[in-house]
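A.B. asks: First the structure, then my questions, so here it is.
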Amino acid sequence: MSQPQQSAVRNRLLKALSPDDFALLQPQLEPMDLTLRQMVIEAGEPIQHAHFIEEGIVSLLAKMPHDRIEVGMMGREGMSNVAAAFGAERSPHAMMCQADGQALRISADDLRSAVQRSPSLSGLLGRYLYYLTIQTGQTAFANASLNVEARLARWVLMTHDRTDGFELTLTHDFLATMLGVRRPGVTTATHVLEGAGMIRTERGRIIVLNREKLEELADDAYGMAEAEYERLIQQA
């Protein structure tokens with residue numbers, strides 16, 4: 001199996017690495033497919049691998065009394081199980097694919113070894129971990145403060161950021177799980193956004209029509225974490 005070349009990878013963290021840091025990871029990077037609703041890891045399981053996402057989306061899920069709710073999201077800008085690089089052995093949250101795609105997988109042991117050998121690699125992944133805490137904090141703010149329509153607008157924006165094109169393959173049942181609300185609430189919210197010309201819904205799909213209006217509706221819950229990512233990763 002040929003090793004991935006830095007010039008060809010799509011993951012933004014891998015692209016931001018120095019050639020020397022990429023070389024530390026390169027021999028251990030293993031391509032793999034991601035499939036819709038695939039569980040990358042269950043809550044409480046030992047962390048065996050981290051995944052640099054090349055295409056697709058992985059949701060970070062917290063357990064509720066009778067269901068789960070999304071508390072974080074990562075696409076080609078990030079990776080799963082980044083805390084393993086700094087000694088975390090188990091994940092308190094589950095991670096599930098919400099879109100088909102690909103990733104470059106590395107064992108947790110190999111990732112820790114590389115981080116211990118390179119302060120610059122440690123610094124980049126540490127800044128990404130900090131960004132994730134900002135994103136999850138913004139998610140908590142949105143869930144506590146915003147109505148379902150605004151939360152849906154934020155979620156559509158974040159998902160749209162991590163996909164190519166303007167069409168999102170999503171069902172109302174799946175959205176209800178991600179937002180932690182009942183399906184009728186998602187149906188009503190999508191009708192509101194559609195009526196305002198922000199999106200168009202078709203069977204199993206949401207088509208983004210007007211990002212500016214979506215951003216206005218999401219208000220302060222969207223944008224801060226995204227700006228911090230750009231600032232933090234540019235330090236590489």
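Convention: chains lettered A, B, ... in structure tokens order; per-chain residue numbering from 1; ligands numbered from 1 as shown.
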Region 18-183 of chain A: which residues are helix (DSSP H, G or I) by DSSP, as a ChimeraX atom specification?

C.D. replies: /A:19-28,82-86,108-117,119-145,148-161,172-179,183

A.B. asks: From the DSSP assignment of the backbone, select every residue of region 167-223 of chain A that is strand (DSSP E or B), and format the answer as a list in words.

C.D. replies: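 Result set for region 167-223 of chain A (strand (DSSP E or B)): Glu167, Leu168, Thr169, Ile199, Arg200, Thr201, Glu202, Arg205, Ile206, Ile207 and Val208 of chain A.
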
A.B. asks: Which region 155-211 of chain A residues have any atom within 10 Å of an atom of region 71-87 of chain A, and for each, what is the nearest pair of atoms with distance in Å to one decimal, counting only C-alpha atoms, rows sorted by chain and number, as a tab-separated table?

C.D. replies:
```
residue	atom	partner	partner_atom	distance
A:Trp155	CA	A:Met73	CA	9.3
A:Met158	CA	A:Met73	CA	7.9
A:Thr159	CA	A:Met73	CA	8.2
A:Asp161	CA	A:Gly75	CA	8.6
A:Arg162	CA	A:Gly75	CA	5.4
A:Thr163	CA	A:Gly75	CA	8.1
A:Met178	CA	A:Val71	CA	8.4
A:Leu179	CA	A:Val71	CA	8.8
A:Gly180	CA	A:Val71	CA	9.9
```

A.B. asks: Kindly export the residues of the current selection with C-alpha atoms, as a short mmCIF file (atom, residue, chain, number, x, y, z; two decimals), in the first residue's frame.

C.D. replies:
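Saved file part-v1.cif follows:
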```cif
data_model
loop_
_atom_site.label_atom_id
_atom_site.label_comp_id
_atom_site.auth_asym_id
_atom_site.auth_seq_id
_atom_site.Cartn_x
_atom_site.Cartn_y
_atom_site.Cartn_z
CA TRP A 155 -26.21 23.01 12.20
CA MET A 158 -21.60 23.79 10.06
CA THR A 159 -22.50 20.79 7.93
CA ASP A 161 -18.85 24.06 5.74
CA ARG A 162 -17.69 20.45 5.70
CA THR A 163 -19.20 19.31 2.41
CA MET A 178 -28.41 15.49 16.14
CA LEU A 179 -30.33 18.43 17.63
CA GLY A 180 -31.85 16.50 20.53
#
```

A.B. asks: Residues of region 104-130 of chain A that have any atom at most 8 Å from an atom of region 14-38 of chain A: could you tabulate them with the shortest-distance atom pair and the distance in Å to one decimal, using only C-alpha atoms, ordered by chain and increasing number, as CSV?

C.D. replies:
```
residue,atom,partner,partner_atom,distance
A:Leu104,CA,A:Pro31,CA,4.5
A:Arg105,CA,A:Glu30,CA,4.9
A:Ile106,CA,A:Leu29,CA,5.1
A:Ser107,CA,A:Gln28,CA,7.5
A:Asp110,CA,A:Gln28,CA,7.1
A:Leu111,CA,A:Leu25,CA,7.3
A:Ala114,CA,A:Leu24,CA,6.0
A:Ser118,CA,A:Asp21,CA,7.1
A:Ser120,CA,A:Asp21,CA,7.6
A:Leu121,CA,A:Asp21,CA,6.1
A:Leu124,CA,A:Leu17,CA,7.9
```

A.B. asks: Determine, for each residue of region 46-134 of chain A having at least one atom at most 12 Å from an atom of region 169-173 of chain A, the closest pair of atoms and their separation in Å to one decimal, counting only C-alpha atoms; order by chain and ascending number, as a Markdown table.

C.D. replies:
```
| residue | atom | partner | partner_atom | distance |
| --- | --- | --- | --- | --- |
| A:Gly56 | CA | A:Thr169 | CA | 11.4 |
| A:Ile57 | CA | A:Thr169 | CA | 11.7 |
| A:Gln98 | CA | A:Leu170 | CA | 8.6 |
| A:Ala99 | CA | A:Thr169 | CA | 7.9 |
| A:Asp100 | CA | A:Thr169 | CA | 10.0 |
```

A.B. asks: Would you put the residues from that selection into a file with N, CA, C and O atoms, as a short mmCIF file (atom, residue, chain, number, x, y, z; two decimals), in the first residue's frame?

C.D. replies:
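Saved the output as part03.cif:
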```cif
data_model
loop_
_atom_site.label_atom_id
_atom_site.label_comp_id
_atom_site.auth_asym_id
_atom_site.auth_seq_id
_atom_site.Cartn_x
_atom_site.Cartn_y
_atom_site.Cartn_z
N GLY A 56 -16.20 13.76 4.41
CA GLY A 56 -17.25 13.28 5.29
C GLY A 56 -17.30 14.07 6.58
O GLY A 56 -16.55 15.04 6.78
N ILE A 57 -18.18 13.66 7.47
CA ILE A 57 -18.39 14.36 8.74
C ILE A 57 -18.55 13.33 9.85
O ILE A 57 -19.23 12.32 9.68
N GLN A 98 -21.83 11.04 10.08
CA GLN A 98 -23.11 11.55 9.59
C GLN A 98 -23.08 11.78 8.09
O GLN A 98 -24.04 12.29 7.51
N ALA A 99 -21.99 11.36 7.45
CA ALA A 99 -21.90 11.41 5.98
C ALA A 99 -20.80 10.45 5.55
O ALA A 99 -19.81 10.23 6.26
N ASP A 100 -20.99 9.85 4.38
CA ASP A 100 -19.97 8.97 3.82
C ASP A 100 -18.70 9.77 3.53
O ASP A 100 -18.76 10.97 3.24
#
```

A.B. asks: Env of Gln135 (chain A): 10 Å cut, atoms = only C-alpha atoms, seq-sep filter 2 positions within chain, self excluded. Answer as a ChimeraX atom specification.

C.D. replies: /A:71-74,129-133,137-141,221-226,228-229

A.B. asks: Can you tell me, as a PDB file with N, CA and C atoms, in the first residue's frame, what residues are no more than 7 Å from Leu60 (chain A) when counting only C-alpha atoms, ignoring any on the same chain fewer than 2 positions away?

C.D. replies:
```
ATOM      1  N   VAL A  58     -17.924  13.605  10.980  1.00  0.00           N
ATOM      2  CA  VAL A  58     -18.076  12.779  12.181  1.00  0.00           C
ATOM      3  C   VAL A  58     -18.673  13.642  13.278  1.00  0.00           C
ATOM      4  N   ALA A  62     -23.113  13.070  22.838  1.00  0.00           N
ATOM      5  CA  ALA A  62     -23.257  12.882  24.287  1.00  0.00           C
ATOM      6  C   ALA A  62     -24.535  12.105  24.549  1.00  0.00           C
ATOM      7  N   GLU A  70     -25.878  15.656  19.515  1.00  0.00           N
ATOM      8  CA  GLU A  70     -24.582  16.069  18.995  1.00  0.00           C
ATOM      9  C   GLU A  70     -24.044  17.247  19.801  1.00  0.00           C
ATOM     10  N   VAL A  71     -22.793  17.142  20.224  1.00  0.00           N
ATOM     11  CA  VAL A  71     -22.148  18.238  20.958  1.00  0.00           C
ATOM     12  C   VAL A  71     -20.925  18.772  20.220  1.00  0.00           C
ATOM     13  N   GLY A  72     -20.557  18.137  19.121  1.00  0.00           N
ATOM     14  CA  GLY A  72     -19.421  18.592  18.333  1.00  0.00           C
ATOM     15  C   GLY A  72     -19.445  17.963  16.956  1.00  0.00           C
ATOM     16  N   MET A  73     -18.663  18.533  16.053  1.00  0.00           N
ATOM     17  CA  MET A  73     -18.659  18.079  14.662  1.00  0.00           C
ATOM     18  C   MET A  73     -17.267  18.277  14.086  1.00  0.00           C
ATOM     19  N   HIS A  93     -17.361  10.364  25.005  1.00  0.00           N
ATOM     20  CA  HIS A  93     -18.426  10.547  24.034  1.00  0.00           C
ATOM     21  C   HIS A  93     -18.310   9.515  22.916  1.00  0.00           C
ATOM     22  N   ALA A  94     -19.440   9.247  22.291  1.00  0.00           N
ATOM     23  CA  ALA A  94     -19.442   8.431  21.088  1.00  0.00           C
ATOM     24  C   ALA A  94     -19.143   9.317  19.887  1.00  0.00           C
ATOM     25  N   MET A  95     -18.691   8.706  18.807  1.00  0.00           N
ATOM     26  CA  MET A  95     -18.461   9.411  17.558  1.00  0.00           C
ATOM     27  C   MET A  95     -19.089   8.611  16.433  1.00  0.00           C
ATOM     28  N   MET A  96     -19.914   9.285  15.624  1.00  0.00           N
ATOM     29  CA  MET A  96     -20.655   8.610  14.569  1.00  0.00           C
ATOM     30  C   MET A  96     -20.537   9.387  13.264  1.00  0.00           C
TER      31      MET A  96
END
```

A.B. asks: If we count only C-alpha atoms, what is near region 188-202 of chain A at a cut-off of 10 Å, once residues fewer than 4 positions away on the same chain are taken out, given as a VMD selection string?

C.D. replies: chain A and resid 147 to 153 156 166 to 172 183 to 184 206 to 215 217

A.B. asks: Limited to C-alpha atoms, could you put the picked residues into a file as a compact mmCIF listing (two decimals), in the first residue's frame?

C.D. replies:
```txt
# COMPACT_ATOMS: atom_id res chain seq x y z
CA ASN A 147 -34.91 28.10 19.43
CA VAL A 148 -34.99 25.08 17.16
CA GLU A 149 -34.99 27.18 13.99
CA ALA A 150 -31.77 28.99 14.96
CA ARG A 151 -30.13 25.76 16.10
CA LEU A 152 -31.04 24.13 12.81
CA ALA A 153 -29.60 27.10 10.90
CA VAL A 156 -26.88 23.42 8.47
CA PHE A 166 -24.92 23.05 -1.64
CA GLU A 167 -26.84 19.80 -1.09
CA LEU A 168 -26.90 17.97 2.26
CA THR A 169 -28.25 14.42 2.44
CA LEU A 170 -30.16 14.49 5.72
CA THR A 171 -33.43 13.07 7.04
CA HIS A 172 -35.66 14.68 9.63
CA ARG A 183 -39.05 14.96 14.79
CA PRO A 184 -42.11 17.27 14.58
CA ILE A 206 -31.53 19.95 2.31
CA ILE A 207 -30.34 22.39 -0.35
CA VAL A 208 -28.72 25.59 0.94
CA LEU A 209 -30.06 28.66 -0.85
CA ASN A 210 -28.97 31.63 1.27
CA ARG A 211 -26.05 31.33 3.71
CA GLU A 212 -26.26 34.98 4.71
CA LYS A 213 -29.79 34.55 6.05
CA LEU A 214 -28.79 31.34 7.83
CA GLU A 215 -25.91 33.18 9.52
CA LEU A 217 -30.59 33.46 12.18
```

A.B. asks: What is the distance, in Å and to one decimal place, between CA of Val115 (chain A) and CA of Leu61 (chain A)?

C.D. replies: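 Distance reported for this atom pair: 26.1 Å.
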
A.B. asks: Taking into account only C-alpha atoms, which residue in the set A:Pro92, A:Ala108, A:Ala8, A:Ala103 is nearest to Ile47 (chain A)?

C.D. replies: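 Closest to Ile47 (chain A) of all the choices is A:Ala108.
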